[in-house]
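Shown next: input_25.tsv, given as TSV, C-alpha atoms and all ligand atoms.
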```
chain	number	residue	atom	x	y	z
A	29	MET	CA	-17.30	27.17	-29.94
A	30	ALA	CA	-13.70	27.96	-30.87
A	31	ASP	CA	-13.06	31.16	-32.79
A	32	LEU	CA	-12.97	29.99	-36.42
A	33	ASP	CA	-11.31	33.19	-37.66
A	34	ASP	CA	-7.93	32.26	-36.29
A	35	ILE	CA	-7.21	28.64	-37.13
A	36	ARG	CA	-3.47	28.54	-37.73
A	37	ASP	CA	-1.74	25.70	-39.52
A	38	GLY	CA	0.43	23.62	-37.18
A	39	LYS	CA	4.20	24.02	-37.68
A	40	GLU	CA	5.99	22.29	-34.83
A	41	PHE	CA	5.68	18.59	-35.68
A	42	GLY	CA	9.06	17.60	-34.18
A	43	LEU	CA	9.80	15.48	-37.23
A	44	ASP	CA	13.28	14.66	-35.94
A	45	LYS	CA	11.93	13.49	-32.57
A	46	PRO	CA	10.10	10.16	-32.61
A	47	ALA	CA	7.45	9.91	-29.87
A	48	GLU	CA	8.89	8.22	-26.80
A	49	SER	CA	7.36	4.99	-25.65
A	50	LYS	CA	8.37	4.60	-22.05
A	51	GLY	CA	7.82	1.50	-19.96
A	52	PHE	CA	5.78	1.95	-16.79
A	53	HIS	CA	7.73	2.18	-13.53
A	54	LEU	CA	6.05	-0.80	-11.85
A	55	LYS	CA	6.48	-4.41	-12.72
A	56	GLY	CA	3.55	-6.29	-14.16
A	57	CYS	CA	1.62	-3.08	-14.80
A	58	ASP	CA	2.63	-2.24	-18.37
A	59	HIS	CA	-0.61	-3.51	-19.85
A	60	LEU	CA	-2.97	-1.80	-17.44
A	61	GLU	CA	-5.39	0.90	-18.49
A	62	TRP	CA	-4.55	4.63	-18.13
A	63	GLY	CA	-6.65	5.25	-15.02
A	64	MET	CA	-5.08	2.30	-13.21
A	65	LYS	CA	-1.61	3.53	-14.07
A	66	ASN	CA	-2.46	7.06	-13.04
A	67	ARG	CA	-3.71	5.86	-9.66
A	68	LEU	CA	-0.69	3.58	-9.18
A	69	SER	CA	1.57	6.52	-10.03
A	70	ARG	CA	-0.01	8.51	-7.21
A	71	ILE	CA	0.88	5.71	-4.78
A	72	PHE	CA	4.32	4.64	-6.12
A	73	ARG	CA	6.58	7.61	-6.88
A	74	PRO	CA	7.49	7.50	-10.57
A	75	ASP	CA	11.02	8.79	-9.80
A	76	THR	CA	11.88	5.93	-7.43
A	77	GLY	CA	9.21	3.33	-8.23
A	78	LYS	CA	8.66	3.00	-4.47
A	79	THR	CA	6.15	4.00	-1.83
A	80	VAL	CA	5.88	4.70	1.87
A	81	MET	CA	2.28	3.91	2.71
A	82	LEU	CA	1.01	4.71	6.17
A	83	ALA	CA	-1.36	2.03	7.48
A	84	PHE	CA	-3.83	3.04	10.17
A	85	ASP	CA	-6.67	0.64	9.42
A	86	HIS	CA	-6.03	-1.29	12.64
A	87	GLY	CA	-9.10	0.15	14.38
A	88	PHE	CA	-11.50	-1.48	11.93
A	89	ILE	CA	-10.98	-4.81	13.69
A	90	MET	CA	-9.16	-3.81	16.89
A	91	GLY	CA	-10.80	-0.56	17.94
A	92	PRO	CA	-8.74	2.23	19.53
A	93	THR	CA	-5.47	0.32	19.83
A	94	SER	CA	-2.23	2.04	20.84
A	95	GLY	CA	-1.26	4.85	18.46
A	96	VAL	CA	-4.64	5.16	16.75
A	97	GLU	CA	-6.76	6.21	19.73
A	98	ARG	CA	-7.05	9.69	18.23
A	99	VAL	CA	-6.40	9.62	14.50
A	100	ASP	CA	-6.85	13.40	14.38
A	101	LEU	CA	-3.98	13.82	16.85
A	102	ASN	CA	-1.73	10.82	16.08
A	103	ILE	CA	-2.08	10.23	12.35
A	104	VAL	CA	-3.00	13.56	10.74
A	105	PRO	CA	0.43	15.13	11.58
A	106	LEU	CA	2.07	12.24	9.65
A	107	VAL	CA	-0.01	12.64	6.52
A	108	GLU	CA	2.31	15.10	4.78
A	109	TYR	CA	5.25	12.64	5.02
A	110	ALA	CA	3.40	9.60	3.64
A	111	ASP	CA	3.07	8.73	-0.04
A	112	CYS	CA	-0.30	7.05	0.52
A	113	LEU	CA	-2.78	6.61	3.36
A	114	MET	CA	-4.30	3.22	4.11
A	115	GLY	CA	-7.40	3.33	6.26
A	116	ALA	CA	-11.05	2.42	6.60
A	117	ARG	CA	-13.71	4.71	5.22
A	118	GLY	CA	-15.19	5.86	8.52
A	119	ILE	CA	-11.86	7.13	9.82
A	120	ILE	CA	-10.86	8.66	6.50
A	121	ARG	CA	-14.15	10.58	6.27
A	122	SER	CA	-14.20	11.71	9.88
A	123	CYS	CA	-10.54	12.48	10.56
A	124	ILE	CA	-8.45	12.94	7.39
A	125	PRO	CA	-8.73	16.39	5.82
A	126	PRO	CA	-9.87	15.99	2.19
A	127	THR	CA	-7.56	18.91	1.38
A	128	SER	CA	-4.52	16.73	2.13
A	129	ASN	CA	-4.76	15.41	-1.43
A	130	LYS	CA	-2.85	12.22	-0.55
A	131	PRO	CA	-3.85	9.06	-2.38
A	132	ILE	CA	-6.04	6.75	-0.34
A	133	CYS	CA	-5.70	2.98	-0.25
A	134	LEU	CA	-9.13	2.21	1.12
A	135	ARG	CA	-9.69	-0.78	3.37
A	136	SER	CA	-12.43	-2.39	1.31
A	137	ASP	CA	-13.54	-5.40	3.31
A	138	ALA	CA	-15.15	-5.68	6.72
A	139	GLY	CA	-17.20	-8.05	8.76
A	140	THR	CA	-15.58	-9.23	11.97
A	141	SER	CA	-13.53	-8.02	14.91
A	142	ILE	CA	-10.80	-9.43	17.14
A	143	LEU	CA	-13.54	-10.49	19.57
A	144	THR	CA	-14.78	-13.21	17.21
A	145	GLU	CA	-13.37	-15.16	14.25
A	146	LEU	CA	-11.44	-12.93	11.84
A	147	ASN	CA	-11.70	-12.86	8.06
A	148	HIS	CA	-15.37	-13.65	7.51
A	149	ASN	CA	-15.43	-10.43	5.56
A	150	VAL	CA	-17.57	-9.02	2.80
A	151	ILE	CA	-16.52	-6.30	0.39
A	152	ILE	CA	-17.72	-2.71	0.51
A	153	ASP	CA	-19.64	-1.09	-2.32
A	154	VAL	CA	-17.17	0.06	-4.97
A	155	GLU	CA	-19.25	3.22	-5.43
A	156	ASP	CA	-18.15	4.23	-1.97
A	157	ALA	CA	-14.52	3.77	-2.99
A	158	LEU	CA	-15.22	6.05	-5.97
A	159	ARG	CA	-16.94	8.62	-3.75
A	160	ILE	CA	-13.91	8.71	-1.48
A	161	ASN	CA	-11.68	9.01	-4.57
A	162	ALA	CA	-9.70	5.90	-3.64
A	163	SER	CA	-6.44	5.31	-5.49
A	164	ALA	CA	-6.50	1.64	-4.46
A	165	MET	CA	-8.72	-0.79	-2.59
A	166	ALA	CA	-7.21	-3.17	-0.02
A	167	ILE	CA	-8.64	-6.55	0.81
A	168	MET	CA	-7.54	-9.34	3.13
A	169	LEU	CA	-6.82	-12.92	2.06
A	170	ALA	CA	-6.55	-15.72	4.59
A	171	ILE	CA	-4.51	-18.23	2.61
A	172	GLY	CA	-4.27	-21.57	4.39
A	173	ASP	CA	-7.21	-20.97	6.73
A	174	PRO	CA	-9.74	-23.73	6.00
A	175	ALA	CA	-12.66	-21.67	7.32
A	176	THR	CA	-12.12	-18.50	5.31
A	177	GLU	CA	-9.62	-19.11	2.49
A	178	ALA	CA	-12.25	-19.66	-0.24
A	179	LYS	CA	-14.39	-16.73	0.92
A	180	THR	CA	-11.48	-14.31	1.02
A	181	ILE	CA	-10.13	-15.40	-2.39
A	182	ALA	CA	-13.64	-14.91	-3.81
A	183	ASN	CA	-13.71	-11.45	-2.23
A	184	LEU	CA	-10.45	-10.60	-3.98
A	185	TYR	CA	-11.48	-11.70	-7.43
A	186	LYS	CA	-14.83	-9.91	-7.15
A	187	LEU	CA	-13.08	-6.74	-6.02
A	188	ALA	CA	-10.53	-7.11	-8.83
A	189	ASP	CA	-13.43	-7.23	-11.32
A	190	LEU	CA	-14.93	-4.08	-9.83
A	191	GLY	CA	-11.52	-2.41	-9.66
A	192	SER	CA	-10.75	-3.14	-13.27
A	193	ARG	CA	-14.20	-1.88	-14.34
A	194	HIS	CA	-13.54	1.45	-12.62
A	195	GLY	CA	-9.77	1.72	-13.01
A	196	ILE	CA	-9.00	1.28	-9.29
A	197	PRO	CA	-6.06	-0.98	-8.40
A	198	VAL	CA	-6.64	-3.68	-5.79
A	199	MET	CA	-4.15	-4.54	-3.07
A	200	GLY	CA	-4.30	-8.10	-1.70
A	201	VAL	CA	-3.27	-8.22	1.96
A	202	THR	CA	-2.00	-11.59	3.17
A	203	ALA	CA	-3.33	-12.29	6.65
A	204	VAL	CA	-1.29	-14.86	8.53
A	205	GLY	CA	-3.05	-17.29	10.83
A	206	LYS	CA	-1.49	-18.10	14.21
A	207	ASP	CA	-0.56	-21.64	13.14
A	208	MET	CA	1.10	-20.75	9.85
A	209	THR	CA	4.83	-20.84	9.31
A	210	ARG	CA	6.02	-17.38	8.37
A	211	ASP	CA	8.50	-18.41	5.72
A	212	ALA	CA	9.25	-17.67	2.08
A	213	ARG	CA	7.32	-20.74	0.97
A	214	TYR	CA	4.14	-19.51	2.67
A	215	PHE	CA	4.49	-15.84	1.72
A	216	GLY	CA	5.51	-16.80	-1.82
A	217	LEU	CA	2.38	-18.93	-2.16
A	218	ALA	CA	0.06	-16.35	-0.60
A	219	SER	CA	1.49	-13.44	-2.64
A	220	ARG	CA	1.33	-15.37	-5.88
A	221	ILE	CA	-2.28	-16.37	-5.22
A	222	CYS	CA	-3.15	-12.69	-4.68
A	223	ALA	CA	-1.54	-11.70	-7.98
A	224	GLU	CA	-2.99	-14.62	-9.95
A	225	ASN	CA	-6.48	-13.70	-8.77
A	226	GLY	CA	-6.16	-10.11	-9.88
A	227	ALA	CA	-4.37	-8.10	-7.18
A	228	ASN	CA	-2.39	-5.22	-8.70
A	229	ILE	CA	-0.37	-4.78	-5.49
A	230	VAL	CA	0.39	-7.35	-2.79
A	231	LYS	CA	0.97	-6.56	0.85
A	232	THR	CA	2.78	-9.22	2.80
A	233	TYR	CA	5.41	-9.70	5.49
A	234	TYR	CA	9.19	-9.78	5.23
A	235	CYS	CA	10.88	-13.12	5.94
A	236	GLU	CA	14.16	-14.97	5.35
A	237	GLY	CA	14.55	-15.63	1.62
A	238	PHE	CA	12.24	-12.74	0.73
A	239	SER	CA	13.88	-12.21	-2.66
A	240	LYS	CA	12.18	-15.46	-3.75
A	241	VAL	CA	8.81	-14.06	-2.66
A	242	THR	CA	9.25	-10.87	-4.72
A	243	ALA	CA	10.79	-12.72	-7.69
A	244	CYS	CA	7.80	-15.01	-8.18
A	245	CYS	CA	5.17	-12.35	-7.57
A	246	PRO	CA	4.52	-10.61	-10.89
A	247	VAL	CA	3.21	-7.35	-9.35
A	248	PRO	CA	4.70	-4.91	-6.80
A	249	ILE	CA	4.95	-6.04	-3.20
A	250	VAL	CA	4.83	-3.77	-0.16
A	251	ILE	CA	5.60	-5.06	3.30
A	252	ALA	CA	3.66	-4.60	6.51
A	253	GLY	CA	5.77	-3.50	9.44
A	254	GLY	CA	4.24	-5.96	11.89
A	255	LYS	CA	4.58	-5.60	15.65
A	256	LYS	CA	6.51	-2.64	17.05
A	257	LEU	CA	10.29	-3.04	16.91
A	258	PRO	CA	13.04	-0.73	18.12
A	259	GLU	CA	13.47	1.99	15.45
A	260	ASP	CA	16.85	0.75	14.20
A	261	GLU	CA	15.43	-2.76	13.68
A	262	ALA	CA	12.34	-1.45	11.89
A	263	LEU	CA	14.59	0.54	9.54
A	264	GLU	CA	16.66	-2.56	8.91
A	265	LEU	CA	13.48	-4.47	8.09
A	266	ALA	CA	12.52	-1.80	5.53
A	267	TYR	CA	16.04	-1.82	4.08
A	268	LYS	CA	16.18	-5.60	3.70
A	269	ALA	CA	12.73	-5.69	2.10
A	270	ILE	CA	13.67	-3.04	-0.47
A	271	ASN	CA	17.00	-4.74	-1.10
A	272	ASP	CA	15.16	-8.02	-1.69
A	273	GLY	CA	12.83	-6.49	-4.28
A	274	ALA	CA	9.94	-4.92	-2.38
A	275	SER	CA	8.44	-1.79	-3.95
A	276	GLY	CA	7.82	-0.15	-0.62
A	277	VAL	CA	6.34	-0.44	2.82
A	278	ASP	CA	2.84	-0.12	4.21
A	279	MET	CA	3.77	0.42	7.84
A	280	GLY	CA	1.57	1.14	10.78
A	281	ARG	CA	2.71	0.37	14.31
A	282	ASN	CA	6.41	0.86	13.63
A	283	VAL	CA	5.58	4.41	12.64
A	284	PHE	CA	2.68	5.55	14.81
A	285	GLN	CA	3.91	3.74	17.96
A	286	SER	CA	7.44	5.11	17.54
A	287	GLU	CA	8.76	7.45	20.22
A	288	ASP	CA	8.81	10.08	17.44
A	289	PRO	CA	6.44	9.10	14.60
A	290	ILE	CA	7.23	12.15	12.44
A	291	ALA	CA	10.98	11.44	12.59
A	292	MET	CA	10.36	7.74	12.00
A	293	ILE	CA	8.26	8.10	8.87
A	294	GLN	CA	10.89	10.41	7.39
A	295	ALA	CA	13.65	7.96	8.24
A	296	VAL	CA	11.67	5.14	6.60
A	297	GLY	CA	11.27	7.39	3.55
A	298	GLY	CA	15.05	7.88	3.47
A	299	VAL	CA	15.60	4.13	3.36
A	300	VAL	CA	12.82	3.43	0.85
A	301	HIS	CA	13.36	6.32	-1.59
A	302	ASP	CA	16.89	7.59	-1.03
A	303	GLY	CA	18.78	4.34	-0.55
A	304	LEU	CA	19.88	5.09	3.02
A	305	THR	CA	21.41	2.18	4.87
A	306	PRO	CA	19.72	1.18	8.15
A	307	ALA	CA	22.50	3.00	10.06
A	308	GLU	CA	22.02	6.16	7.97
A	309	GLY	CA	18.26	5.89	8.39
A	310	PHE	CA	18.68	5.59	12.15
A	311	GLU	CA	20.98	8.62	12.15
A	312	LYS	CA	18.30	10.53	10.26
A	313	PHE	CA	15.73	9.40	12.83
A	314	ASN	CA	17.92	10.60	15.70
A	315	ASP	CA	18.68	13.91	13.94
A	316	LEU	CA	14.98	14.61	13.38
A	317	LYS	CA	13.83	13.33	16.78
A	318	LYS	CA	12.52	16.02	19.04
A	401	LIG	C1	-3.46	-5.96	8.26
A	401	LIG	C2	-3.03	-4.69	7.69
A	401	LIG	C3	-2.47	-3.66	8.58
A	401	LIG	O1	-2.69	-2.42	8.04
A	401	LIG	C4	-1.05	-3.99	8.65
A	401	LIG	O2	-0.78	-5.05	9.44
A	401	LIG	C5	-0.09	-2.83	8.72
A	401	LIG	O3	0.21	-2.48	9.89
A	401	LIG	P1	1.50	-2.88	10.73
A	401	LIG	O4	2.67	-2.25	10.02
A	401	LIG	O5	1.18	-2.29	12.05
A	401	LIG	O6	1.62	-4.38	10.71
A	401	LIG	O7	-3.12	-4.49	6.52
A	401	LIG	O8	-4.80	-6.05	7.99
```
Let me see the structure of the file written as structure tokens.
Amino acid sequence: MADLDDIRDGKEFGLDKPAESKGFHLKGCDHLEWGMKNRLSRIFRPDTGKTVMLAFDHGFIMGPTSGVERVDLNIVPLVEYADCLMGARGIIRSCIPPTSNKPICLRSDAGTSILTELNHNVIIDVEDALRINASAMAIMLAIGDPATEAKTIANLYKLADLGSRHGIPVMGVTAVGKDMTRDARYFGLASRICAENGANIVKTYYCEGFSKVTACCPVPIVIAGGKKLPEDEALELAYKAINDGASGVDMGRNVFQSEDPIAMIQAVGGVVHDGLTPAEGFEKFNDLKK
């Protein structure tokens, strides 16, 4: 109980200062609830509106592939340079120190491996995402795949319901089948379907004409890095994506398979947050390289 003897009348009402009503720093998110915005603000830096997410969820379908054989050795040293960590719950719990305090984008679907047919996934229990204190939940969509498109879209809209009930943003991840053309028409369609079905963030791939993909997607897009490229090319990919309207990257192999992952993630951060050109980013990489 407060001490009732000392209740002072308020004096500082700032009558000459109307309360500010600021827009939120991410497109399409102005009307979200406070908890959603707070979690999104942990992922996307409010000062730049961008993010460098570090993806290391590869093992959940591929096992100990190159660069994630030992997450404790390969990924943990990168944690301090990432804005957000994207991984599956088993690896997060066993290898990522809870003291790191980095927002987690939790891989929230599972069900198959590269040894069988991909994307026959089910969603995890949202209570587990809450237990792990997830700042976002990521789920795969297989747009254009006759066998799994409907199932994966249903997974997304169910997860979006659960996310909105608990204030956890959902990231739709566009999986690309082997036979699909990787162009702006396809990525524009897949990204828009993610957003229309409730994704608060979309993860997709960069392509020619990417500004059309970002323009018609009403929520922030982050790009996957894709297969390992030489560092200068990966930095150029990040630069072009940001220039064409992406709100960040969610890179895996181009960081953790780099000859110097710690230098690379910082160089990517320079391009994403500080507006470095690809050449300046590459110079930063070389300066930091051990
Ligand atoms: C696909 C994913 C992966 O995390 C993604 O592909 C990112 O990794 P990379 O930059 O290595 O492509 O979301 O399920």
Rank A:Ile119, A:Ala47, A:Ala262, A:Ile270 by their smallest atom-to-atom distance to ligand LIG 401 (chain A), using all atoms listed in the file, and report the top residue only.
A:Ala262
Name all residues at most 12 Å from Pro174 (chain A) (count only C-alpha atoms; drop same-chain ones fewer than 6 positions away) and give them as a PyMOL selection string.
chain A and resi 147-148+180-181+205+207-208
Contacts of Ser141 (chain A) at 7 Å (all atoms listed in the file; same-chain gap of 3+ positions) as a VMD selection string
chain A and resid 89 to 90 144 146
I'd like the interatomic distance between CA of Ala110 (chain A) and CA of Gly87 (chain A), to a tenth of an Å.
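Between CA of Ala110 (chain A) and CA of Gly87 (chain A) the gap works out to 19.0 Å.
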Could you build a table of the residues in chain A lying no more than 6 Å from ligand LIG 401 (chain A), giving for each the nearest pair of atoms and their separation in Å rounded to one decimal place, using only C-alpha atoms and all ligand atoms, ordered by chain and ascending residue number, as JSON lines?
```
{"residue": "A:Ala83", "atom": "CA", "partner": "A:LIG401", "partner_atom": "O1", "distance": 4.7}
{"residue": "A:Phe84", "atom": "CA", "partner": "A:LIG401", "partner_atom": "O1", "distance": 6.0}
{"residue": "A:Asp85", "atom": "CA", "partner": "A:LIG401", "partner_atom": "O1", "distance": 5.2}
{"residue": "A:His86", "atom": "CA", "partner": "A:LIG401", "partner_atom": "O1", "distance": 5.8}
{"residue": "A:Val201", "atom": "CA", "partner": "A:LIG401", "partner_atom": "O7", "distance": 5.9}
{"residue": "A:Ala252", "atom": "CA", "partner": "A:LIG401", "partner_atom": "O4", "distance": 4.3}
{"residue": "A:Gly253", "atom": "CA", "partner": "A:LIG401", "partner_atom": "O4", "distance": 3.4}
{"residue": "A:Gly254", "atom": "CA", "partner": "A:LIG401", "partner_atom": "O6", "distance": 3.3}
{"residue": "A:Lys255", "atom": "CA", "partner": "A:LIG401", "partner_atom": "O6", "distance": 5.9}
{"residue": "A:Met279", "atom": "CA", "partner": "A:LIG401", "partner_atom": "O4", "distance": 3.6}
{"residue": "A:Gly280", "atom": "CA", "partner": "A:LIG401", "partner_atom": "O4", "distance": 3.6}
{"residue": "A:Arg281", "atom": "CA", "partner": "A:LIG401", "partner_atom": "O5", "distance": 3.8}
```
Please report the interatomic distance between CA of His301 (chain A) and CA of Val80 (chain A) in Å with one decimal.
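Separation of CA of His301 (chain A) and CA of Val80 (chain A): 8.4 Å.
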Using all atoms listed in the file: which of A:Ala175, A:Ile103, A:Leu184, A:Leu54 has the shortest distance to Ile152 (chain A)
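Answer, going by the shortest atom-to-atom distance: A:Leu184.
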Proximity of region 116-217 of chain A to region 238-249 of chain A: per-residue shortest pair, 9 Å limit, only C-alpha atoms, as JSON lines:
```
{"residue": "A:Asp211", "atom": "CA", "partner": "A:Phe238", "partner_atom": "CA", "distance": 8.4}
{"residue": "A:Ala212", "atom": "CA", "partner": "A:Phe238", "partner_atom": "CA", "distance": 5.9}
{"residue": "A:Arg213", "atom": "CA", "partner": "A:Val241", "partner_atom": "CA", "distance": 7.7}
{"residue": "A:Tyr214", "atom": "CA", "partner": "A:Val241", "partner_atom": "CA", "distance": 8.9}
{"residue": "A:Phe215", "atom": "CA", "partner": "A:Val241", "partner_atom": "CA", "distance": 6.4}
{"residue": "A:Gly216", "atom": "CA", "partner": "A:Val241", "partner_atom": "CA", "distance": 4.4}
{"residue": "A:Leu217", "atom": "CA", "partner": "A:Val241", "partner_atom": "CA", "distance": 8.1}
```
Which residues, written as a ChimeraX atom specification, have at least one atom at most 7 Å from Ala188 (chain A), with all atoms listed in the file counted and residues fewer than 4 positions away on the same chain left out?
/A:184,192,198,226-227
Mind giving me the straight-line distance from CA of Ile120 (chain A) to CA of Val204 (chain A) in Å, one decimal?
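These two atoms are separated by 25.5 Å.
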Residues within 8 Å of Ile171 (chain A), all atoms listed in the file, excluding chain neighbours under 3 positions, as a ChimeraX atom specification:
/A:177,202-204,218
Please provide the set of residues having any atom within 6 Å of Ala291 (chain A), restricted to all atoms listed in the file, with same-chain residues fewer than 5 positions apart removed, written as a PDB file with C-alpha atoms, in the coordinates of the input.
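Okay, this is what ended up in selection.pdb:
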```pdb
ATOM      1  CA  PHE A 313      15.730   9.400  12.830  1.00  0.00           C
ATOM      2  CA  LEU A 316      14.980  14.610  13.380  1.00  0.00           C
ATOM      3  CA  LYS A 317      13.830  13.330  16.780  1.00  0.00           C
TER       4      LYS A 317
END
```
Restricting the calculation to all atoms listed in the file: of A:Arg210, A:Val230, A:Glu145, A:Lys50, which residue gets closest to Leu169 (chain A)?
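Under the stated criterion, the closest residue is A:Val230.
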